[in-house]
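Structure file run.pdb (PDB, C-alpha atoms) is printed below.
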```
ATOM      1  CA  MET A1039     188.807  56.327 241.329
ATOM      2  CA  ALA A1040     188.069  59.755 239.849
ATOM      3  CA  ALA A1041     190.497  62.590 240.453
ATOM      4  CA  GLU A1042     189.300  65.011 243.107
ATOM      5  CA  LYS A1043     188.192  68.361 241.786
ATOM      6  CA  GLU A1044     189.989  71.334 243.311
ATOM      7  CA  VAL A1045     187.717  73.327 245.615
ATOM      8  CA  ASP A1046     187.364  76.941 244.568
ATOM      9  CA  ILE A1047     186.748  78.813 247.826
ATOM     10  CA  TYR A1048     185.143  81.706 245.957
ATOM     11  CA  ARG A1049     182.583  79.527 244.176
ATOM     12  CA  ASP A1050     182.258  76.210 246.042
ATOM     13  CA  THR A1051     182.166  77.295 249.693
ATOM     14  CA  PRO A1052     180.143  79.662 251.883
ATOM     15  CA  VAL A1053     182.650  82.413 251.003
ATOM     16  CA  ARG A1054     180.523  82.707 247.822
ATOM     17  CA  LEU A1055     177.780  84.255 249.971
ATOM     18  CA  LEU A1056     179.908  87.375 250.458
ATOM     19  CA  GLY A1057     179.125  88.229 246.848
ATOM     20  CA  TYR A1058     175.466  88.590 247.859
ATOM     21  CA  ALA A1059     176.100  91.081 250.669
ATOM     22  CA  ASN A1060     174.973  94.043 248.564
ATOM     23  CA  GLU A1061     171.675  92.314 247.764
ATOM     24  CA  VAL A1062     171.040  91.947 251.489
ATOM     25  CA  GLY A1063     172.003  95.600 251.925
ATOM     26  CA  GLU A1064     169.566  96.666 249.206
ATOM     27  CA  SER A1065     166.833  94.612 250.863
ATOM     28  CA  PHE A1066     167.415  96.472 254.129
ATOM     29  CA  ARG A1067     167.796  99.909 252.497
ATOM     30  CA  ALA A1068     164.397 101.112 253.741
ATOM     31  CA  LEU A1069     165.309 100.249 257.340
ATOM     32  CA  THR A1070     168.993 101.106 257.652
ATOM     33  CA  PRO A1071     171.231 104.124 257.201
ATOM     34  CA  LEU A1072     172.867 104.628 253.809
ATOM     35  CA  TRP A1073     176.327 103.853 255.198
ATOM     36  CA  PHE A1074     175.164 100.294 255.932
ATOM     37  CA  VAL A1075     174.019  99.743 252.337
ATOM     38  CA  ARG A1076     177.285 101.183 251.025
ATOM     39  CA  ALA A1077     179.273  98.945 253.384
ATOM     40  CA  THR A1078     177.545  95.867 251.943
ATOM     41  CA  TYR A1079     178.668  96.994 248.480
ATOM     42  CA  GLY A1080     182.188  97.214 249.911
ATOM     43  CA  VAL A1081     181.976  93.602 251.112
ATOM     44  CA  SER A1082     180.695  92.396 247.727
ATOM     45  CA  SER A1083     183.324  94.403 245.865
ATOM     46  CA  ALA A1084     186.097  92.996 248.079
ATOM     47  CA  TYR A1085     184.822  89.509 247.238
ATOM     48  CA  VAL A1086     184.992  90.321 243.508
ATOM     49  CA  VAL A1087     188.561  91.661 243.772
ATOM     50  CA  ALA A1088     189.685  88.673 245.869
ATOM     51  CA  ASP A1089     188.222  86.194 243.369
ATOM     52  CA  THR A1090     189.836  88.088 240.489
ATOM     53  CA  TYR A1091     193.228  87.948 242.213
ATOM     54  CA  ASP A1092     192.777  84.249 242.974
ATOM     55  CA  LYS A1093     191.944  83.356 239.352
ATOM     56  CA  ALA A1094     194.850  85.391 237.961
ATOM     57  CA  LYS A1095     197.251  83.825 240.455
ATOM     58  CA  LYS A1096     196.071  80.296 239.552
ATOM     59  CA  ILE A1097     196.625  80.987 235.837
ATOM     60  CA  SER A1098     200.065  82.458 236.540
ATOM     61  CA  LYS A1099     201.146  79.212 238.245
ATOM     62  CA  GLN A1100     200.329  77.095 235.191
ATOM     63  CA  PRO A1101     203.369  76.062 233.127
ATOM     64  CA  GLY A1102     203.792  78.327 230.112
ATOM     65  CA  ALA A1103     201.289  80.919 231.320
ATOM     66  CA  THR A1104     201.631  84.197 229.453
ATOM     67  CA  GLN A1105     200.924  87.676 230.730
ATOM     68  CA  LYS A1106     198.157  87.855 228.143
ATOM     69  CA  ALA A1107     196.477  84.720 229.531
ATOM     70  CA  ILE A1108     196.771  86.025 233.081
ATOM     71  CA  THR A1109     195.321  89.404 232.098
ATOM     72  CA  HIS A1110     192.483  87.808 230.162
ATOM     73  CA  ALA A1111     191.576  85.534 233.073
ATOM     74  CA  ALA A1112     191.628  88.482 235.469
ATOM     75  CA  VAL A1113     189.519  90.698 233.191
ATOM     76  CA  ASP A1114     187.058  87.872 232.563
ATOM     77  CA  THR A1115     186.637  87.190 236.279
ATOM     78  CA  LEU A1116     186.446  90.867 237.209
ATOM     79  CA  VAL A1117     183.832  91.750 234.592
ATOM     80  CA  TRP A1118     181.765  88.618 235.197
ATOM     81  CA  GLN A1119     181.787  88.976 238.979
ATOM     82  CA  ALA A1120     181.146  92.734 238.877
ATOM     83  CA  LEU A1121     178.094  92.212 236.671
ATOM     84  CA  ALA A1122     176.749  88.973 238.183
ATOM     85  CA  SER A1123     177.556  89.578 241.857
ATOM     86  CA  VAL A1124     177.312  93.332 242.328
ATOM     87  CA  ILE A1125     175.818  95.506 239.592
ATOM     88  CA  ILE A1126     172.873  93.563 238.165
ATOM     89  CA  PRO A1127     171.631  91.905 241.379
ATOM     90  CA  GLY A1128     172.048  95.117 243.382
ATOM     91  CA  PHE A1129     170.053  97.072 240.817
ATOM     92  CA  THR A1130     167.420  94.337 240.589
ATOM     93  CA  ILE A1131     166.813  94.105 244.349
ATOM     94  CA  ASN A1132     166.875  97.909 244.636
ATOM     95  CA  ARG A1133     164.129  98.247 242.020
ATOM     96  CA  VAL A1134     162.051  95.367 243.453
ATOM     97  CA  CYS A1135     162.175  96.963 246.906
ATOM     98  CA  ALA A1136     161.458 100.465 245.589
ATOM     99  CA  ALA A1137     158.505  99.166 243.559
ATOM    100  CA  SER A1138     157.106  97.193 246.486
ATOM    101  CA  LEU A1139     157.349 100.150 248.880
ATOM    102  CA  PHE A1140     155.771 102.452 246.288
ATOM    103  CA  THR A1141     152.984  99.986 245.497
ATOM    104  CA  MET A1142     152.175  99.424 249.166
ATOM    105  CA  ALA A1143     152.031 103.189 249.754
ATOM    106  CA  ARG A1144     149.379 103.392 247.015
ATOM    107  CA  THR A1145     147.406 100.249 247.812
ATOM    108  CA  ILE A1146     147.602  99.914 251.600
ATOM    109  CA  PRO A1147     148.372 103.421 252.865
ATOM    110  CA  LYS A1148     146.759 102.769 256.267
ATOM    111  CA  VAL A1149     149.356 100.118 257.102
ATOM    112  CA  PRO A1150     152.053 101.863 259.152
ATOM    113  CA  LEU A1151     155.157 102.900 257.228
ATOM    114  CA  ALA A1152     157.418 100.837 259.509
ATOM    115  CA  THR A1153     155.404  97.718 258.691
ATOM    116  CA  ARG A1154     155.550  98.455 254.962
ATOM    117  CA  LYS A1155     159.333  98.858 255.231
ATOM    118  CA  TRP A1156     159.672  95.469 256.945
ATOM    119  CA  ILE A1157     157.478  93.871 254.272
ATOM    120  CA  THR A1158     159.657  95.492 251.597
ATOM    121  CA  THR A1159     162.767  94.052 253.261
ATOM    122  CA  ALA A1160     161.189  90.584 253.368
ATOM    123  CA  ILE A1161     160.249  90.837 249.675
ATOM    124  CA  GLY A1162     163.813  91.852 248.763
ATOM    125  CA  LEU A1163     165.365  89.038 250.777
ATOM    126  CA  GLY A1164     162.841  86.581 249.365
ATOM    127  CA  CYS A1165     163.766  87.507 245.785
ATOM    128  CA  ILE A1166     167.490  86.858 246.161
ATOM    129  CA  PRO A1167     167.417  83.066 245.634
ATOM    130  CA  PHE A1168     165.253  83.473 242.537
ATOM    131  CA  ILE A1169     167.422  86.022 240.713
ATOM    132  CA  VAL A1170     170.845  84.367 241.096
ATOM    133  CA  HIS A1171     170.737  81.722 238.357
ATOM    134  CA  PRO A1172     168.930  83.807 235.725
ATOM    135  CA  ILE A1173     171.430  86.644 236.233
ATOM    136  CA  ASP A1174     174.418  84.256 236.164
ATOM    137  CA  ASN A1175     173.146  82.625 232.964
ATOM    138  CA  GLY A1176     172.466  86.007 231.357
ATOM    139  CA  VAL A1177     175.925  87.301 232.202
ATOM    140  CA  HIS A1178     177.504  84.110 230.814
ATOM    141  CA  PHE A1179     175.552  84.564 227.577
ATOM    142  CA  VAL A1180     176.472  88.240 227.220
ATOM    143  CA  MET A1181     180.142  87.648 227.996
ATOM    144  CA  ASP A1182     180.384  84.582 225.723
ATOM    145  CA  ASN A1183     179.062  86.763 222.905
ATOM    146  CA  SER A1184     181.138  89.866 223.630
ATOM    147  CA  VAL A1185     184.150  90.155 225.946
ATOM    148  CA  ARG A1186     185.142  86.497 225.762
ATOM    149  CA  LYS A1187     185.157  86.512 221.963
ATOM    150  CA  TYR A1188     187.484  89.505 221.948
ATOM    151  CA  MET A1189     189.791  87.885 224.472
ATOM    152  CA  ASP A1190     189.453  84.414 222.918
ATOM    153  CA  LEU A1191     187.824  83.091 226.095
ATOM    154  CA  THR A1192     184.735  81.485 224.562
ATOM    155  CA  PRO A1193     184.327  77.870 225.649
ATOM    156  CA  LYS A1194     185.796  75.568 223.015
ATOM    157  CA  GLU A1195     183.448  73.060 221.401
ATOM    158  CA  GLU A1196     185.396  70.160 222.929
ATOM    159  CA  GLU A1197     185.003  71.646 226.419
ATOM    160  CA  LYS A1198     181.257  72.103 225.938
ATOM    161  CA  LEU A1199     180.923  68.376 225.263
ATOM    162  CA  LYS A1200     182.634  67.378 228.531
TER     163      LYS A1200
END
```
Mind turning the file's structure into structure tokens?
Amino acid sequence: MAAEKEVDIYRDTPVRLLGYANEVGESFRALTPLWFVRATYGVSSAYVVADTYDKAKKISKQPGATQKAITHAAVDTLVWQALASVIIPGFTINRVCAASLFTMARTIPKVPLATRKWITTAIGLGCIPFIVHPIDNGVHFVMDNSVRKYMDLTPKEEEKLK
């Protein structure tokens, strides 16, 4: 019988969806007050900090864990999550929604503004599932070839084969 894999609540459960709160906020930007959008960034940022703390704490409990290893794990998680869960997806959805609202204003100006805003929101929400994996893969690539090399966190060849 295979050993059970430990469940990571920040990556393997619905808690992961909290990282997408800002993308939902950006989708609704045209319809909601600015404080709502900012609050969704607060939720996503809290998720990032909680996951960072969790990963650092798990490393610290390993026998022989050094402060350097703990710091590197925390920095890796913080940078990866900030880029992949908050910064890049938030910017992407913001620009998709802005472009769709702008384009509709030019191409279908007779459609009421409220309707165009709802369409923009639907477009933003509809894009979320399609941007997640490309962004995650891009952030992995960038970090494997930058931050992780500096901190000696690149996946070892043996681990890649598993």
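For the structure in this document, the set picked by the PyMOL selection byres ((chain A and resi 1077) around 12) is Leu1056, Ala1059, Asn1060, Glu1061, Val1062, Gly1063, Glu1064, Arg1067, Thr1070, Pro1071, Leu1072, Trp1073, Phe1074, Val1075, Arg1076, Thr1078, Tyr1079, Gly1080, Val1081, Ser1082, Ser1083 and Ala1084 of chain A.
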Convert the output of the PyMOL selection byres ((chain A and resi 1089-1091) around 8) on the shown file into explicit residues, formatted as a PyMOL selection string. chain A and resi 1048+1085-1088+1092-1095+1112-1113+1115-1116
Selected by the PyMOL selection byres ((chain A and resi 1110) around 9) in the shown coordinates: which residues, as an mmCIF file with C-alpha atoms, in the coordinates of the input?
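What ended up in result.cif:
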```cif
data_model
loop_
_atom_site.group_PDB
_atom_site.id
_atom_site.type_symbol
_atom_site.label_atom_id
_atom_site.label_comp_id
_atom_site.auth_asym_id
_atom_site.auth_seq_id
_atom_site.Cartn_x
_atom_site.Cartn_y
_atom_site.Cartn_z
ATOM 1 C CA ALA A 1094 194.850 85.391 237.961
ATOM 2 C CA GLN A 1105 200.924 87.676 230.730
ATOM 3 C CA LYS A 1106 198.157 87.855 228.143
ATOM 4 C CA ALA A 1107 196.477 84.720 229.531
ATOM 5 C CA ILE A 1108 196.771 86.025 233.081
ATOM 6 C CA THR A 1109 195.321 89.404 232.098
ATOM 7 C CA ALA A 1111 191.576 85.534 233.073
ATOM 8 C CA ALA A 1112 191.628 88.482 235.469
ATOM 9 C CA VAL A 1113 189.519 90.698 233.191
ATOM 10 C CA ASP A 1114 187.058 87.872 232.563
ATOM 11 C CA THR A 1115 186.637 87.190 236.279
ATOM 12 C CA ARG A 1186 185.142 86.497 225.762
ATOM 13 C CA MET A 1189 189.791 87.885 224.472
ATOM 14 C CA ASP A 1190 189.453 84.414 222.918
ATOM 15 C CA LEU A 1191 187.824 83.091 226.095
#
```
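With distances restricted to all atoms listed in the file, A:Leu1139 is the closest residue to Ala1152 in chain A from A:Trp1118, A:Lys1043, A:Leu1139, A:Ser1184.
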State, in Å with one decimal place, the distance from CA of Ala1122 in chain A to CA of Val1177 in chain A. 6.3 Å
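Nearest-residue note for Val1170 in chain A: choosing from A:Ile1131, A:Ala1143, A:Val1117, A:Ala1137, the minimum distance belongs to A:Ile1131, counting only C-alpha atoms.
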A:Ile1157, A:Leu1121, A:Ile1126, A:Leu1069 ranked by distance to Met1181 in chain A, top pick (using all atoms listed in the file):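 Smallest separation from Met1181 in chain A among the options: A:Leu1121.
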Of the residues A:Thr1145, A:Gly1128, A:Asp1046, A:Tyr1058, which is the one nearest to Lys1096 in chain A, using only C-alpha atoms?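 Once distances to Lys1096 in chain A are computed over only C-alpha atoms, the minimum belongs to A:Asp1046.
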Find the axis-aligned box for range 1175-1192 of chain A, covering all its listed atoms and adding 6 Å on each side, and write its centre and edge lengths in Å to one decimal as lines of an AutoDock Vina configuration file.
```
center_x = 181.1
center_y = 85.8
center_z = 227.5
size_x = 29.3
size_y = 20.7
size_z = 23.0
```
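Proximity of A:Ile1097, A:Leu1163, A:Ile1173, A:Ala1068 to Ile1125 in chain A, computed with all atoms listed in the file, is greatest for A:Ile1173.
The shortest atom-to-atom distance to Ile1169 in chain A, with only C-alpha atoms taken into account, belongs to A:Val1134 out of A:Val1185, A:Val1134, A:Ala1103, A:Val1053.
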So what do you get for CA of Cys1165 in chain A versus CA of Ser1138 in chain A, distance-wise?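 Value for the CA of Cys1165 in chain A-CA of Ser1138 in chain A distance: 11.8 Å.
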